[in-house]
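Q: Let me give you the structure first, and then I'll get to my questions.
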Amino acid sequence: MPEQQPQPANASDLARLSLHFQNVARTLSDIFLDKQEIIRLLNICAIAGEHMILVGPPGTAKSAIIGRFAQLIDARYFEYLLTRFSEPNELFGPVDIKEFREGRYTRRTQGMLPEAEIVFLDEIFKSNSAILNSLLQIINERRFANGPQVMEVPLISLFGASNEVPNDDNLAAMFDRFLLRVRSDYLDSYHFHELMNRGIEQELRRLGGRVQRLTPIVSAAELRRLQAGFEQFMHFPEDFMAKYKGLVFQIRSEGVTVSDRRAVKLLKLFAASAIFDGRRQVTDGDFFILRHIWNNLDQAELLEEIVNPIVDGYYRDHPDERRFLGPQASLEDLLGELEMIRELLTSSAELSDIQLFSQLKNLNEIKAALAAIDNDTARRMVREVDGLLENVFASSKFGV
């Protein structure tokens, strides 16, 4: 009996799935501090069926955040830490000895990568050419050559992690297949206190054997049903496309490669960002994705300079849509952030210009989020933010 094809998502499906994706984001934001953009991008890639690589130094929660995200997706999951000594059978399954004795070279793929829907490969660029060649076919074509037969693979998204960007030409093809390249950095001093609190809590849970798996929120079946009707979201306003064209050509002129193929695929991610919010139409706020298409880390800051004015301008005009501290920031969250900034700015510690500018940016983001809430408490907090801003500008560093 032929396998039943998933049906496209309708309006009620979109609203329900958007709520689920945002619950995924909230759950992860409660665990991982200041990783909201990474969390949103993980969801977006899964919605669009695309792939993403996290790059950053050890100890920046790359593996942990992908692993916990996978727990929230009810899907067949495969993860593996690669080394230069890893062999194909560790990922794709051992050779079937019975078949081999009969002259057929096939692998037993049950429970291995070719049958997984969500895949996480840690230190992916340490794999050898035999593994890379098979991975490229799986990522590009959703197919795996198992001996004389080519099997269709159910892969939705493959997530990778690496401590560094590869500089070997042999790895360029694999790196290119990750539509999004996202940095995972150490937290700054602004978040240090909360990092220590959360870290202590998690360590105590681990020591007490109280670390539990997260309960899945979204299923692979729901993702496939959504993707089956994805064409209904692939319609873009003329003004959006005009701005996108301008951004792509500006990015290319600065030496950042954006192939025609990637430019088309990125449209899927814009649509997925809208779906995450429960929207059927993209906005200029979705251009934030273009911050994460760099080819090397030196280009990341350049992309921010190109993209941020468009994104920031949109949220200045639409403060009620601003994303801050996760999908839905509470007054308690905002108050906590405000208290931390106040302590930092009023302490006797000498702050650098960069630190001061960073806190000014944070205060303005808090102010915009409070304006969207617009109740008595929020308005009182806005006055507190204004007072802090006034004090900073009155200081000698910013005095005229």
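The way I read the labels, and the way they are meant: chains A, B, ... in the order of the structure tokens, residue 1 as the first residue of every chain, and ligand 1 as the first ligand shown, with later ones counted on from there.
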So that I can see what lies close to region 166-183 of chain A, please list as a ChimeraX atom specification the residues with an atom at most 7 Å from it, counting only C-alpha atoms and leaving out residues fewer than 2 positions away in the same chain.

A: /A:50-56,125,136,164,185,292-294

Q: If you run DSSP over the backbone, which residues in region 192-360 of chain A end up helix (DSSP H, G or I)? Put them as an NGL selection string.

A: :A and (192-207 or 220-228 or 230-233 or 238-253 or 260-276 or 284-292 or 298-317 or 319-321 or 331-346 or 353-360)

Q: Could you pull the residues within 8 Å of Met112 (chain A), counting only C-alpha atoms, minus those fewer than 6 positions along the same chain, as a list in words?

A: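 Returned residues: Phe78, Leu91, Phe92 and Gly93 of chain A.
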
Q: Between A:Gln212, A:Asn308, A:Asn375, A:Asn364, which has the minimum distance to Leu388 (chain A) (counting only C-alpha atoms)?

A: A:Asn364

Q: Which residues come within 9 Å of Met151 (chain A), counting only C-alpha atoms, excluding same-chain residues fewer than 5 positions away, as a list in words?

A: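 So, after excluding close chain neighbours, the residues are Pro114, Arg142, Arg143, Phe144, Ala145 and Asn146 of chain A.
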
Q: With N, CA, C and O atoms kept, could you save the residues just selected as a CSV table (one decimal), in the first residue's frame?

A:
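Contents of selection-v4.csv, as written:
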```csv
chain,number,residue,atom,x,y,z
A,114,PRO,N,21.0,7.5,7.7
A,114,PRO,CA,20.2,7.5,6.5
A,114,PRO,C,18.7,7.4,6.8
A,114,PRO,O,17.8,7.7,6.0
A,142,ARG,N,18.7,14.3,-0.7
A,142,ARG,CA,17.9,13.5,0.2
A,142,ARG,C,17.9,12.0,-0.3
A,142,ARG,O,16.9,11.3,-0.2
A,143,ARG,N,19.1,11.6,-0.7
A,143,ARG,CA,19.3,10.2,-1.1
A,143,ARG,C,20.6,9.6,-0.6
A,143,ARG,O,21.5,10.4,-0.3
A,144,PHE,N,20.6,8.3,-0.4
A,144,PHE,CA,21.8,7.6,0.1
A,144,PHE,C,22.0,6.4,-0.8
A,144,PHE,O,21.1,5.5,-0.9
A,145,ALA,N,23.2,6.2,-1.3
A,145,ALA,CA,23.6,5.1,-2.1
A,145,ALA,C,24.0,3.9,-1.2
A,145,ALA,O,25.1,3.9,-0.6
A,146,ASN,N,23.1,3.0,-1.1
A,146,ASN,CA,23.3,1.8,-0.2
A,146,ASN,C,23.6,0.6,-1.1
A,146,ASN,O,22.7,-0.1,-1.5
```

Q: Would you compute the distance between CA of Pro216 (chain A) and CA of Glu123 (chain A)? Give it in Å to one decimal.

A: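 Atom-to-atom, CA of Pro216 (chain A) to CA of Glu123 (chain A), that is 25.6 Å.
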
Q: DSSP says strand (DSSP E) for which residues of region 135-358 of chain A? Put them as a list in words?

A: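 DSSP-assigned strand (DSSP E) residues in region 135-358 of chain A: Arg143, Phe144, Ala145, Asn146, Gln149, Val150, Met151, Glu152, Ser157, Leu158, Phe159, Gly160, Ala161, Ser162, Leu180, Arg181, Val182, Arg183, Val218 and Ser219 of chain A.
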
Q: Would you work out the distance separating CA of Glu117 (chain A) from CA of Val153 (chain A), expressed in Å to one decimal?

A: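 About the pair CA of Glu117 (chain A) and CA of Val153 (chain A): they are 8.1 Å apart.
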
Q: Show me, as number ranges by chain, the residues that have an atom within 12 Å of region 242-248 of chain A when counting only C-alpha atoms, minus same-chain residues fewer than 3 positions from it.

A: A: 236-239, 251-260, 262-264, 266-267, 270, 282-291, 293, 303-311

Q: Find the residues around Leu155 (chain A) up to 10 Å (only C-alpha atoms counted), leave out those fewer than 4 positions away in its own chain, and share them as a PDB file with N, CA and C atoms, in the first residue's frame.

A:
```
ATOM      1  N   GLY A  49      13.081  23.123   6.242  1.00  0.00           N
ATOM      2  CA  GLY A  49      13.765  21.925   5.781  1.00  0.00           C
ATOM      3  C   GLY A  49      15.164  22.217   5.261  1.00  0.00           C
ATOM      4  N   GLU A  50      15.837  23.197   5.882  1.00  0.00           N
ATOM      5  CA  GLU A  50      17.182  23.558   5.466  1.00  0.00           C
ATOM      6  C   GLU A  50      18.175  23.224   6.582  1.00  0.00           C
ATOM      7  N   ALA A  75      10.841  13.303  16.398  1.00  0.00           N
ATOM      8  CA  ALA A  75      11.344  12.836  15.103  1.00  0.00           C
ATOM      9  C   ALA A  75      12.431  11.798  15.339  1.00  0.00           C
ATOM     10  N   ARG A  76      12.715  11.011  14.325  1.00  0.00           N
ATOM     11  CA  ARG A  76      13.839  10.089  14.401  1.00  0.00           C
ATOM     12  C   ARG A  76      15.112  10.915  14.393  1.00  0.00           C
ATOM     13  N   TYR A  77      15.924  10.722  15.420  1.00  0.00           N
ATOM     14  CA  TYR A  77      17.072  11.601  15.650  1.00  0.00           C
ATOM     15  C   TYR A  77      18.364  10.810  15.636  1.00  0.00           C
ATOM     16  N   LEU A 113      22.070   7.281  10.475  1.00  0.00           N
ATOM     17  CA  LEU A 113      21.817   8.578   9.848  1.00  0.00           C
ATOM     18  C   LEU A 113      20.891   8.506   8.628  1.00  0.00           C
ATOM     19  N   PRO A 114      21.030   7.522   7.726  1.00  0.00           N
ATOM     20  CA  PRO A 114      20.163   7.520   6.537  1.00  0.00           C
ATOM     21  C   PRO A 114      18.673   7.399   6.843  1.00  0.00           C
ATOM     22  N   GLU A 115      18.306   6.991   8.057  1.00  0.00           N
ATOM     23  CA  GLU A 115      16.894   6.848   8.387  1.00  0.00           C
ATOM     24  C   GLU A 115      16.429   7.904   9.395  1.00  0.00           C
ATOM     25  N   ALA A 116      17.292   8.887   9.658  1.00  0.00           N
ATOM     26  CA  ALA A 116      16.962   9.927  10.639  1.00  0.00           C
ATOM     27  C   ALA A 116      16.269  11.112   9.963  1.00  0.00           C
ATOM     28  N   GLU A 117      15.459  11.816  10.763  1.00  0.00           N
ATOM     29  CA  GLU A 117      14.756  13.014  10.275  1.00  0.00           C
ATOM     30  C   GLU A 117      15.435  14.295  10.738  1.00  0.00           C
ATOM     31  N   ILE A 118      15.984  14.287  11.933  1.00  0.00           N
ATOM     32  CA  ILE A 118      16.783  15.393  12.446  1.00  0.00           C
ATOM     33  C   ILE A 118      18.163  14.837  12.780  1.00  0.00           C
ATOM     34  N   VAL A 119      19.205  15.482  12.258  1.00  0.00           N
ATOM     35  CA  VAL A 119      20.575  14.995  12.440  1.00  0.00           C
ATOM     36  C   VAL A 119      21.439  16.105  13.016  1.00  0.00           C
ATOM     37  N   ILE A 138      23.271  13.082   0.653  1.00  0.00           N
ATOM     38  CA  ILE A 138      22.118  13.093   1.557  1.00  0.00           C
ATOM     39  C   ILE A 138      21.565  14.513   1.690  1.00  0.00           C
ATOM     40  N   ILE A 139      22.450  15.486   1.885  1.00  0.00           N
ATOM     41  CA  ILE A 139      22.006  16.870   2.073  1.00  0.00           C
ATOM     42  C   ILE A 139      21.427  17.449   0.788  1.00  0.00           C
ATOM     43  N   ARG A 142      18.681  14.312  -0.728  1.00  0.00           N
ATOM     44  CA  ARG A 142      17.903  13.486   0.200  1.00  0.00           C
ATOM     45  C   ARG A 142      17.920  12.026  -0.267  1.00  0.00           C
ATOM     46  N   ARG A 143      19.102  11.569  -0.686  1.00  0.00           N
ATOM     47  CA  ARG A 143      19.286  10.191  -1.140  1.00  0.00           C
ATOM     48  C   ARG A 143      20.580   9.634  -0.572  1.00  0.00           C
ATOM     49  N   ALA A 220       7.647  15.554  13.606  1.00  0.00           N
ATOM     50  CA  ALA A 220       8.116  15.530  12.223  1.00  0.00           C
ATOM     51  C   ALA A 220       6.939  15.494  11.258  1.00  0.00           C
TER      52      ALA A 220
END
```

Q: How many Å separate CA of Ala371 (chain A) from CA of Glu301 (chain A)?

A: 28.9 Å

Q: Restricting the calculation to only C-alpha atoms: of A:Phe276, A:Lys126, A:Leu214, A:Ile373, which residue gets closest to Leu41 (chain A)?

A: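 Looking at the shortest contact to Leu41 (chain A), the residue is A:Phe276.
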
Q: If we count only C-alpha atoms and set the cut-off at 12 Å, which residues sit around region 192-198 of chain A, ignoring sequence neighbours fewer than 2 positions away in its own chain? Please answer as a list of chain:residue names.

A: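 The contact residues come out as A:Ser29, A:Asp30, A:Ile31, A:Phe32, A:Leu33, A:Asp34, A:Lys35, A:Thr60, A:Ala61, A:Tyr186, A:Leu187, A:Asp188, A:Ser189, A:Tyr190, A:Ile200, A:Glu201, A:Gln202, A:Glu203, A:Leu204, A:Arg205, A:Asp333, A:Gly336, A:Glu337, A:Glu339, A:Met340, A:Ile341, A:Glu343, A:Leu344.
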
Q: With only C-alpha atoms as the atoms that count, which of A:Ser134, A:Ser162, A:Ser18, A:Asn89 lies nearest to Ser63 (chain A)?

A: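 The shortest atom-to-atom distance to Ser63 (chain A) comes from A:Ser162.
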
Q: Counting only C-alpha atoms, which residue out of A:Ala130, A:Leu223, A:Leu14, A:Val385 sits closest to Arg84 (chain A)?

A: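 Distance minimum relative to Arg84 (chain A) lands on A:Ala130.
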